Structure formats: structure tokens, C-alpha cells
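The data block below is coords38.cif; it holds mmCIF, C-alpha atoms and all ligand atoms.
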data_protein
loop_
_atom_site.label_atom_id
_atom_site.label_comp_id
_atom_site.auth_asym_id
_atom_site.auth_seq_id
_atom_site.Cartn_x
_atom_site.Cartn_y
_atom_site.Cartn_z
CA MET A 1 7.50 -18.13 -9.16
CA ARG A 2 4.79 -19.92 -7.15
CA ALA A 3 3.39 -17.93 -4.27
CA GLU A 4 2.65 -19.26 -0.82
CA TYR A 5 -0.81 -18.38 0.53
CA ARG A 6 -1.15 -17.95 4.29
CA GLU A 7 -4.75 -18.08 5.50
CA GLU A 8 -4.66 -15.83 8.56
CA PRO A 9 -7.69 -14.24 10.19
CA CYS A 10 -7.59 -10.51 10.88
CA LYS A 11 -8.67 -8.59 13.97
CA SER A 12 -9.69 -5.46 12.09
CA ALA A 13 -10.67 -4.88 8.47
CA LEU A 14 -10.74 -1.10 8.09
CA ASN A 15 -7.42 0.73 8.38
CA ARG A 16 -7.17 4.40 9.32
CA VAL A 17 -5.02 6.17 6.71
CA ARG A 18 -3.14 9.43 7.14
CA GLY A 19 -1.76 11.81 4.53
CA MET A 20 -3.86 10.42 1.66
CA MET A 21 -6.94 11.64 -0.19
CA PHE A 22 -9.05 9.17 1.82
CA ASN A 23 -9.28 8.24 5.49
CA TRP A 24 -10.01 4.52 5.38
CA SER A 25 -8.60 1.61 3.41
CA LEU A 26 -9.41 -2.07 3.20
CA ASN A 27 -7.04 -4.77 1.96
CA PRO A 28 -8.41 -8.34 1.85
CA TYR A 29 -4.89 -9.60 1.06
CA MET A 30 -1.42 -8.46 2.05
CA GLY A 31 1.26 -8.82 -0.60
CA CYS A 32 0.65 -8.94 -4.33
CA VAL A 33 1.75 -11.58 -6.82
CA HIS A 34 1.82 -9.01 -9.61
CA GLN A 35 5.24 -7.94 -8.33
CA CYS A 36 5.45 -4.65 -10.21
CA THR A 37 9.00 -3.33 -10.01
CA PHE A 38 7.73 0.15 -9.07
CA CYS A 39 5.23 -1.02 -6.45
CA TYR A 40 5.02 1.60 -3.70
CA VAL A 41 3.91 -1.10 -1.23
CA ARG A 42 7.53 -2.31 -1.14
CA ALA A 43 8.24 0.83 0.89
CA PHE A 44 5.57 -0.14 3.47
CA GLU A 45 7.03 -3.63 3.60
CA ARG A 46 10.49 -2.25 4.27
CA ARG A 47 9.13 -0.09 7.10
CA ALA A 48 7.40 -3.15 8.60
CA ASP A 49 10.67 -5.11 8.40
CA ARG A 50 9.37 -7.47 5.73
CA PRO A 51 11.15 -8.25 2.45
CA SER A 52 10.75 -5.58 -0.22
CA ASP A 53 13.02 -7.20 -2.82
CA ASP A 54 12.29 -10.11 -5.20
CA ARG A 55 10.67 -11.96 -2.30
CA TYR A 56 7.86 -9.39 -2.16
CA GLY A 57 4.74 -11.01 -3.61
CA THR A 58 5.86 -14.59 -3.00
CA SER A 59 4.00 -14.93 0.29
CA ILE A 60 0.44 -13.62 0.37
CA ARG A 61 -1.57 -13.19 3.52
CA VAL A 62 -5.21 -14.11 2.97
CA LYS A 63 -7.48 -12.47 5.57
CA ILE A 64 -10.02 -15.25 5.49
CA ASN A 65 -12.49 -13.60 7.92
CA VAL A 66 -12.15 -10.05 6.54
CA ALA A 67 -15.75 -9.75 5.33
CA GLU A 68 -17.27 -10.80 8.68
CA VAL A 69 -14.99 -8.39 10.55
CA LEU A 70 -15.87 -5.63 8.08
CA ARG A 71 -19.61 -6.21 8.61
CA ARG A 72 -19.14 -5.80 12.36
CA GLU A 73 -17.12 -2.60 11.91
CA LEU A 74 -19.64 -1.09 9.49
CA ALA A 75 -22.44 -1.82 11.98
CA ARG A 76 -20.80 0.11 14.82
CA PRO A 77 -22.85 3.13 15.88
CA SER A 78 -19.63 5.20 15.80
CA TRP A 79 -18.95 4.39 12.13
CA ALA A 80 -19.63 7.56 10.11
CA HIS A 81 -20.01 5.87 6.69
CA GLU A 82 -16.88 7.53 5.32
CA GLN A 83 -15.52 6.46 1.96
CA VAL A 84 -13.40 3.28 2.01
CA VAL A 85 -10.70 2.60 -0.59
CA VAL A 86 -10.29 -1.08 -1.41
CA GLY A 87 -6.85 -2.11 -2.64
CA ALA A 88 -4.59 0.76 -1.63
CA ALA A 89 -1.87 -1.69 -0.48
CA THR A 90 -2.52 -4.76 -2.62
CA ASP A 91 -4.41 -5.62 -5.79
CA PRO A 92 -7.83 -6.82 -4.56
CA TYR A 93 -8.32 -8.67 -7.86
CA GLN A 94 -5.04 -10.56 -7.94
CA PRO A 95 -5.44 -14.26 -8.88
CA ALA A 96 -6.14 -15.45 -5.31
CA GLU A 97 -9.44 -13.57 -5.41
CA GLY A 98 -10.68 -16.07 -8.00
CA ARG A 99 -10.59 -18.72 -5.30
CA TYR A 100 -11.17 -16.84 -2.04
CA ARG A 101 -13.76 -14.26 -3.20
CA LEU A 102 -12.91 -12.01 -0.24
CA THR A 103 -13.06 -8.75 -2.22
CA ARG A 104 -16.47 -9.76 -3.52
CA SER A 105 -17.72 -10.49 0.00
CA CYS A 106 -16.36 -7.13 1.22
CA ILE A 107 -18.17 -5.29 -1.58
CA GLU A 108 -21.37 -7.08 -0.61
CA ALA A 109 -20.85 -5.95 2.99
CA LEU A 110 -20.22 -2.34 1.89
CA ALA A 111 -23.30 -2.44 -0.35
CA ASP A 112 -25.48 -3.82 2.45
CA ALA A 113 -24.28 -0.95 4.67
CA HIS A 114 -24.91 1.64 1.89
CA ASN A 115 -21.29 2.69 2.37
CA PRO A 116 -19.40 4.65 -0.34
CA PHE A 117 -16.19 3.06 -1.63
CA GLY A 118 -13.56 3.09 -4.36
CA ILE A 119 -11.53 0.21 -5.81
CA ILE A 120 -8.05 0.42 -7.33
CA THR A 121 -6.98 -2.53 -9.46
CA ARG A 122 -5.10 -3.85 -12.47
CA GLY A 123 -7.12 -7.09 -12.42
CA PRO A 124 -9.69 -7.96 -15.12
CA LEU A 125 -11.23 -10.40 -12.62
CA ILE A 126 -13.25 -7.43 -11.33
CA LEU A 127 -15.69 -8.09 -14.18
CA ARG A 128 -16.89 -11.18 -12.32
CA ASP A 129 -18.27 -8.82 -9.67
CA LEU A 130 -20.20 -6.53 -12.01
CA ASP A 131 -23.47 -7.63 -10.39
CA VAL A 132 -22.40 -6.67 -6.86
CA LEU A 133 -20.79 -3.45 -8.07
CA GLN A 134 -24.07 -2.53 -9.75
CA GLU A 135 -26.06 -3.20 -6.60
CA ALA A 136 -23.53 -1.25 -4.51
CA SER A 137 -23.67 1.69 -6.97
CA ARG A 138 -27.44 1.89 -6.55
CA ARG A 139 -26.97 2.29 -2.80
CA ALA A 140 -23.88 4.52 -2.39
CA SER A 141 -21.21 6.32 -4.37
CA VAL A 142 -18.86 3.73 -5.99
CA GLY A 143 -15.82 4.37 -8.17
CA VAL A 144 -13.41 1.97 -9.84
CA THR A 145 -9.94 3.02 -10.96
CA PHE A 146 -8.04 0.84 -13.40
CA SER A 147 -4.31 1.51 -13.25
CA VAL A 148 -3.05 1.78 -16.83
CA PRO A 149 0.23 3.71 -16.90
CA THR A 150 1.22 2.65 -20.41
CA LEU A 151 0.11 0.63 -23.43
CA ASP A 152 3.69 -0.01 -24.49
CA GLU A 153 4.22 -3.79 -24.59
CA ARG A 154 7.86 -3.72 -23.52
CA ILE A 155 7.39 -1.29 -20.65
CA TRP A 156 4.37 -3.22 -19.38
CA ARG A 157 6.06 -6.64 -19.55
CA THR A 158 9.25 -5.33 -17.96
CA THR A 159 7.77 -3.39 -15.07
CA GLU A 160 4.57 -5.36 -14.36
CA PRO A 161 5.61 -9.01 -14.67
CA GLY A 162 2.39 -10.41 -13.22
CA THR A 163 -0.43 -8.20 -14.49
CA ALA A 164 -2.91 -8.63 -17.33
CA PRO A 165 -2.21 -6.73 -20.59
CA PRO A 166 -3.26 -3.07 -20.35
CA ARG A 167 -5.62 -3.35 -23.32
CA GLN A 168 -7.42 -6.21 -21.61
CA ARG A 169 -7.91 -3.95 -18.57
CA LEU A 170 -9.44 -1.30 -20.83
CA ARG A 171 -11.78 -3.85 -22.42
CA VAL A 172 -12.97 -4.76 -18.94
CA LEU A 173 -13.29 -1.08 -18.02
CA LYS A 174 -15.58 -0.66 -21.03
CA ARG A 175 -17.79 -3.53 -19.84
CA LEU A 176 -18.01 -1.91 -16.39
CA VAL A 177 -18.89 1.50 -17.82
CA ASP A 178 -21.47 -0.07 -20.16
CA GLY A 179 -22.89 -1.75 -17.06
CA GLY A 180 -23.36 1.65 -15.40
CA ILE A 181 -20.27 1.69 -13.17
CA ASN A 182 -18.24 4.85 -12.69
CA ALA A 183 -14.79 3.65 -13.85
CA SER A 184 -11.74 5.78 -14.58
CA VAL A 185 -8.12 5.30 -15.61
CA GLY A 186 -5.18 6.08 -13.33
CA MET A 187 -2.00 6.53 -15.35
CA ALA A 188 0.33 5.57 -12.52
CA PRO A 189 3.16 5.50 -12.25
CA ILE A 190 4.51 7.42 -15.24
CA LEU A 191 8.23 6.70 -15.58
CA PRO A 192 10.26 9.81 -16.52
CA GLY A 193 12.09 9.36 -19.82
CA ILE A 194 10.43 5.97 -20.37
CA SER A 195 6.65 6.26 -20.43
CA ASP A 196 6.22 10.05 -20.42
CA LYS A 197 6.71 10.65 -24.13
CA PRO A 198 3.88 12.71 -25.64
CA GLU A 199 2.83 9.91 -28.01
CA SER A 200 2.77 7.38 -25.13
CA LEU A 201 0.57 9.61 -22.98
CA ARG A 202 -1.69 10.30 -25.93
CA GLU A 203 -2.06 6.60 -26.70
CA VAL A 204 -3.33 5.88 -23.18
CA VAL A 205 -5.72 8.84 -22.99
CA ARG A 206 -7.13 8.07 -26.44
CA ALA A 207 -7.66 4.40 -25.52
CA ALA A 208 -9.23 5.43 -22.20
CA ARG A 209 -11.67 7.67 -24.11
CA GLU A 210 -12.53 4.84 -26.52
CA ALA A 211 -13.20 2.57 -23.56
CA GLY A 212 -15.54 5.18 -22.05
CA ALA A 213 -13.46 6.00 -18.96
CA THR A 214 -15.28 8.56 -16.83
CA GLY A 215 -12.00 10.21 -15.87
CA VAL A 216 -8.22 10.05 -16.36
CA TRP A 217 -5.50 11.13 -13.98
CA ALA A 218 -1.75 10.66 -13.86
CA ASN A 219 1.01 10.39 -11.25
CA VAL A 220 4.74 10.32 -11.73
CA LEU A 221 6.85 7.57 -10.11
CA ASN A 222 7.94 8.07 -6.54
CA LEU A 223 10.70 5.99 -5.00
CA ARG A 224 10.69 5.62 -1.26
CA PRO A 225 13.22 3.34 0.48
CA GLY A 226 12.28 -0.24 -0.24
CA THR A 227 10.81 0.57 -3.65
CA ARG A 228 13.84 2.61 -4.60
CA GLU A 229 16.51 -0.11 -4.39
CA HIS A 230 14.36 -2.69 -6.13
CA PHE A 231 13.22 -0.42 -8.94
CA LEU A 232 16.67 1.03 -9.61
CA ALA A 233 18.25 -2.45 -9.69
CA HIS A 234 15.73 -3.57 -12.32
CA LEU A 235 16.09 -0.33 -14.24
CA ALA A 236 19.85 -0.87 -14.46
CA GLU A 237 19.19 -4.23 -16.13
CA ASP A 238 16.28 -3.23 -18.35
CA TRP A 239 17.17 0.36 -19.31
CA PRO A 240 20.89 0.72 -18.47
CA GLU A 241 21.03 3.97 -20.45
CA GLU A 242 18.56 5.53 -17.95
CA ALA A 243 20.26 4.30 -14.78
CA GLU A 244 22.52 7.27 -14.15
CA ARG A 245 19.80 9.79 -14.93
CA TYR A 246 17.46 8.14 -12.42
CA GLU A 247 20.16 8.06 -9.73
CA LEU A 248 20.53 11.81 -10.17
CA LEU A 249 16.81 12.48 -10.51
CA TYR A 250 15.97 10.64 -7.30
CA ALA A 251 19.11 11.59 -5.38
CA ARG A 252 18.06 12.45 -1.82
CA ARG A 253 14.35 12.61 -2.66
CA ALA A 254 11.50 10.15 -3.09
CA TYR A 255 9.06 12.51 -4.79
CA LEU A 256 10.08 14.53 -7.83
CA GLY A 257 9.52 18.28 -7.96
CA LYS A 258 7.14 20.25 -10.13
CA ASP A 259 9.92 20.74 -12.70
CA VAL A 260 9.47 17.06 -13.68
CA THR A 261 5.90 16.28 -12.64
CA GLY A 262 4.38 19.57 -13.86
CA PRO A 263 4.89 18.99 -17.61
CA VAL A 264 3.48 15.45 -17.35
CA GLN A 265 0.41 16.65 -15.45
CA ALA A 266 -0.05 19.51 -17.90
CA ALA A 267 0.23 17.18 -20.90
CA VAL A 268 -2.36 14.79 -19.47
CA SER A 269 -4.70 17.68 -18.59
CA GLU A 270 -4.42 18.95 -22.14
CA LEU A 271 -5.11 15.48 -23.57
CA ARG A 272 -8.07 15.13 -21.21
CA ARG A 273 -9.51 18.33 -22.68
CA GLU A 274 -8.67 17.36 -26.26
CA TYR A 275 -10.37 13.96 -25.95
CA ASP A 276 -13.18 15.43 -23.86
CA ILE A 277 -12.85 12.85 -21.12
CA SER A 278 -15.96 12.99 -18.98
CA ASP A 279 -18.66 10.86 -17.48
CA ARG A 280 -20.66 9.89 -20.56
CA ARG A 281 -22.22 6.68 -19.26
CA ARG A 282 -25.53 5.87 -20.98
CA LYS A 283 -26.75 4.16 -17.84
CA LYS A 284 -25.53 5.93 -14.68
CA LEU A 285 -26.02 3.86 -11.57
CA ALA A 286 -26.17 6.12 -8.54
CA PRO A 287 -27.88 6.15 -5.14
CA PRO A 288 -31.17 8.02 -4.87
CA PRO A 289 -30.71 11.69 -3.92
CA GLU A 290 -30.92 12.56 -0.25
CA PRO A 291 -34.45 13.64 0.63
CA GLU A 292 -34.67 17.42 0.82
CA GLN A 293 -35.56 19.00 4.12
CA LEU A 294 -38.72 21.02 3.43
CA SER A 295 -38.91 24.30 5.24
CA LEU A 296 -42.28 25.16 6.65
CA ALA A 297 -43.82 28.42 5.58
CA VAL A 298 -44.66 30.20 8.81
S1 LIG A 301 -0.64 -4.49 -8.88
FE1 LIG A 301 -0.47 -2.76 -7.46
S2 LIG A 301 -0.18 -3.69 -5.43
FE2 LIG A 301 0.23 -5.27 -6.97
S3 LIG A 301 2.46 -5.22 -7.27
FE3 LIG A 301 1.51 -3.90 -8.84
S4 LIG A 301 1.52 -1.84 -7.96
FE4 LIG A 301 1.86 -3.30 -6.26
#

Can you dump the structure from the file as C-alpha cells?
Amino acid sequence: MRAEYREEPCKSALNRVRGMMFNWSLNPYMGCVHQCTFCYVRAFERRADRPSDDRYGTSIRVKINVAEVLRRELARPSWAHEQVVVGAATDPYQPAEGRYRLTRSCIEALADAHNPFGIITRGPLILRDLDVLQEASRRASVGVTFSVPTLDERIWRTTEPGTAPPRQRLRVLKRLVDGGINASVGMAPILPGISDKPESLREVVRAAREAGATGVWANVLNLRPGTREHFLAHLAEDWPEEAERYELLYARRAYLGKDVTGPVQAAVSELRREYDISDRRRKKLAPPPEPEQLSLAV
């Protein structure tokens, strides 16, 4: 399906975030042509009264002035140089970035301001920006997370109709790590009964280790209104044998309890230990240490 691109300037670039592990996010685009069936952004779209069904990802807002606005915001005396997460509500390396280069310009702005940031993506296009990521990493803390929930061909094709193959993402991750970038794998979302089998989890962690990932973490699927209807409708077509179980599993709740998530987290932790996942970059790009305050001997 061809997407429509709406070039619309933005008034602000940095968004204050609540209830997450970070306080600020930055999304150069709104909407995502990858159209993953499990995409949690569908829930935000529903809350904002925008389509969260098959129409999600067919109309992409392009914030054409986002980098200039960001530069102004980063220069404010009140800005405390907190960490910014790029791509929390869209993939910043979806195909449009090839043409618009907004994510690249934003990274340049963050690097110029010596501001720490993280990027979440499924897009191999990030490799194009290795040079700016390297420069940014020399000035502030930078982390890239590649989302790779599964290496299973059928699960990937069925749930992520627009993304690049997971193994291609890992090849790119290796190039980033070899280039000195701190890049990890986020196994998210894990689908109960579908992608949580021990051999599936092992396959991803092993491949992440081979690619040199500096870390691996996992999250189990959550289904908030907007994502829920869309995902369950697709599940009923693609895995009809799982449909009833999911209805029961997610009855009256969006987030699963520890009884389901705990074993998955424990299995991934164990695999992380077994494969000794750690930051083993040969070349570690990092900002110079803060100068130490010398105390005067009196
Ligand atoms: S790549 Fe990320 S933002 Fe894009 S549709 Fe998939 S989950 Fe949503």
C-alpha cells in the first residue's frame, strides 16, 4: 500500500514523556509504514482519535523543520541536557528517512549540543548515519537499540509486514558495533505461545552475541485499546489456533502478569549469562570523562 507523506512543520521537537524509563522523546515522523500488527503506537493513535486499524501507517507526517526546532530547544538555558530517546513513537529509519534525512539532522543537532540520546529502530538505513553516530558518541552517551523479537521467517513476515529481515538488522548492528557504537538488541515484543519457545529465544540471543550486541533485553507483548483489536484480528487469521487463548490471556488487561512474563524474562536472563552478552567492543567510542574536581590540601 502506498503511503501519503504530509510535510508539516512542528512547533516543538522534544516531547515530555511520563511513566517511561526516559523523560524526553523525539519523533521526526508520525506514523510508520512498517505497520507491525503489534505496534503499541496504535494505542496512542486511538487515544488521539486517529485511525489505529489498517489505515495506520498509510499517512505519514513529516516534520520538515524538526531539526531547526530541536536546535533551538537544545540551546535554551533551561534545557538540562537530559537523555532524549529518538523513535519511541515511530521508526526514525523508516524509508522516508532516505529522502528527508530528518533523523540524521536531529542526530547532528544532538551531537553539536553534546546531548546524550538513544535510538530505537528496525531500520538498516541507520548504517548510513554511522559517521554522525560516531561523532555524537565521542561527545555524549549514545545507545542504539535494534528491535529483533524473532528470527523466525513466518512470524516476522506475518507480524512485521514492512520491516527489513531480522538477520539484516543484525548484520547492520555488527557494522555499528565494529564502528564503535554501543548497540544492543531489544527482543520486543515476544508473543506468548508464538515466539517465546526456548529454541526461538536462544536463536535470537545467540545471533545477537555473534553480531556483537552490547546488551539484550526482552519484553512481552502488551495490548492496549487500539493495538488490541488490530492485533487480535490479525492473530485470528494468521494463528487461529491461538485466538481463544489470547482472548483469555488479555481479557480485561493490557499488560500480562509475572506468571507469563516472568518465565520469559528469566529465560532471556539465563541465555544472556550463558552467551556472556556484554559490551565487548574493540573500539569503544565514548565522551571524555568529566574533569575531576581537585580538592585543595589545606
Ligand atoms: S517499526 Fe516500530 S513504530 Fe513502526 S510499526 Fe513497527 S513497532 Fe510500530

Using only C-alpha atoms: which of A:Val69, A:Ala254, A:Ala109, A:Ile181 has the shortest distance to A:Gly212: A:Ile181

Please produce, as CSV, a per-residue contact table for chain A versus ligand LIG 301 (chain A) (criterion: any atom at most 9 Å away, all atoms listed in the file considered), showing the nearest atom pair and its distance in Å to one decimal, sorted by chain then residue number.
residue,atom,partner,partner_atom,distance
A:Met30,CA,A:LIG301,S2,9.0
A:Gly31,CA,A:LIG301,S2,7.2
A:Cys32,CA,A:LIG301,FE2,4.5
A:Val33,CA,A:LIG301,S3,6.4
A:His34,CA,A:LIG301,S3,4.5
A:Gln35,CA,A:LIG301,S3,4.0
A:Cys36,CA,A:LIG301,S3,4.2
A:Thr37,CA,A:LIG301,S3,7.3
A:Phe38,CA,A:LIG301,S4,6.6
A:Cys39,CA,A:LIG301,FE4,4.1
A:Tyr40,CA,A:LIG301,FE4,6.4
A:Val41,CA,A:LIG301,FE4,5.9
A:Arg42,CA,A:LIG301,FE4,7.7
A:Tyr56,CA,A:LIG301,S3,8.5
A:Gly57,CA,A:LIG301,S3,7.2
A:Gly87,CA,A:LIG301,S2,7.4
A:Ala88,CA,A:LIG301,S2,7.3
A:Ala89,CA,A:LIG301,S2,5.6
A:Thr90,CA,A:LIG301,S2,3.8
A:Asp91,CA,A:LIG301,S2,4.7
A:Pro92,CA,A:LIG301,S2,8.3
A:Tyr93,CA,A:LIG301,S1,8.8
A:Gln94,CA,A:LIG301,FE2,7.5
A:Ile120,CA,A:LIG301,FE1,8.2
A:Thr121,CA,A:LIG301,S1,6.7
A:Arg122,CA,A:LIG301,S1,5.8
A:Gly123,CA,A:LIG301,S1,7.8
A:Ser147,CA,A:LIG301,FE1,8.2
A:Thr159,CA,A:LIG301,FE3,8.8
A:Glu160,CA,A:LIG301,FE3,6.5
A:Pro161,CA,A:LIG301,FE3,8.8
A:Gly162,CA,A:LIG301,FE3,7.9
A:Thr163,CA,A:LIG301,S1,6.7
A:Ala188,CA,A:LIG301,S4,8.8
A:Pro189,CA,A:LIG301,S4,8.7

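Minimum atom-to-atom distances from A:Ser105, A:Ser59, A:Thr158, A:Gln134 to A:Phe231 were compared using only C-alpha atoms, and the lowest value belongs to A:Thr158.
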
When you look at A:Asn115 with a cut-off of 7 Å (counting only C-alpha atoms), what residues show up, excluding the ones that are within fewer than 6 positions of it in the same chain? I need them as a list in words.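 Using only C-alpha atoms, the neighbours found are His81, Gln83 and Ala140 of chain A.
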
Between atom CA of A:Leu151 and atom CA of A:Leu102, what is the distance, to one decimal in Å? 29.4 Å

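Of note, atom CA of A:Pro198 and atom CA of A:Met20 are spaced 28.5 Å apart.
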
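The closest residue to A:Gly193, picked from A:Glu290, A:Glu242, A:Glu73, A:Asp53 and counting all atoms listed in the file, is A:Glu242.
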
Nearest to A:Gly186, restricted to only C-alpha atoms and choosing among A:Pro124, A:Val268, A:Ala113, A:Val142, comes out as A:Val268

State, in Å with one decimal place, the distance from atom CA of A:Glu241 to atom CA of A:Val205. 27.3 Å

Name the closest residue to A:Pro9 among the candidates A:Glu292, A:Glu244, A:Glu68, A:Asp276; distances are taken between atoms, counting all atoms listed in the file.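 The closest residue to A:Pro9 is A:Glu68.
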
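Taking only C-alpha atoms into account, A:Ala218 lies nearest to A:Thr145 out of the set A:Ile194, A:Thr145, A:Ala233, A:Arg171.
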
A:Pro166 surroundings by only C-alpha atoms, 8 Å radius, close-in-sequence under 4 positions cut, as a list of chain:residue names: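 My reading of the contact set: A:Val148, A:Thr150, A:Leu151, A:Trp156, A:Leu170.
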
Residues near A:Asp279, anyone? I mean within 8 Å using all atoms listed in the file, not counting same-chain ones fewer than 4 positions away, as a list of chain:residue names.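 Final neighbour list, sorted by chain and number: A:Asn182, A:Gly212, A:Ala213, A:Thr214, A:Gly215.
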
So which residues touch A:Ala67 within 9 Å, counting only C-alpha atoms, skipping near sequence neighbours fewer than 3 positions away, as a VMD selection string? chain A and resid 13 28 63 to 64 70 to 72 102 to 109

When you look at A:Pro263 with a cut-off of 12 Å (counting only C-alpha atoms), what residues show up, excluding the ones that are within fewer than 3 positions of it in the same chain? I need them as a PyMOL selection string. chain A and resi 190+192+196-198+201+218-220+256-260+266-270
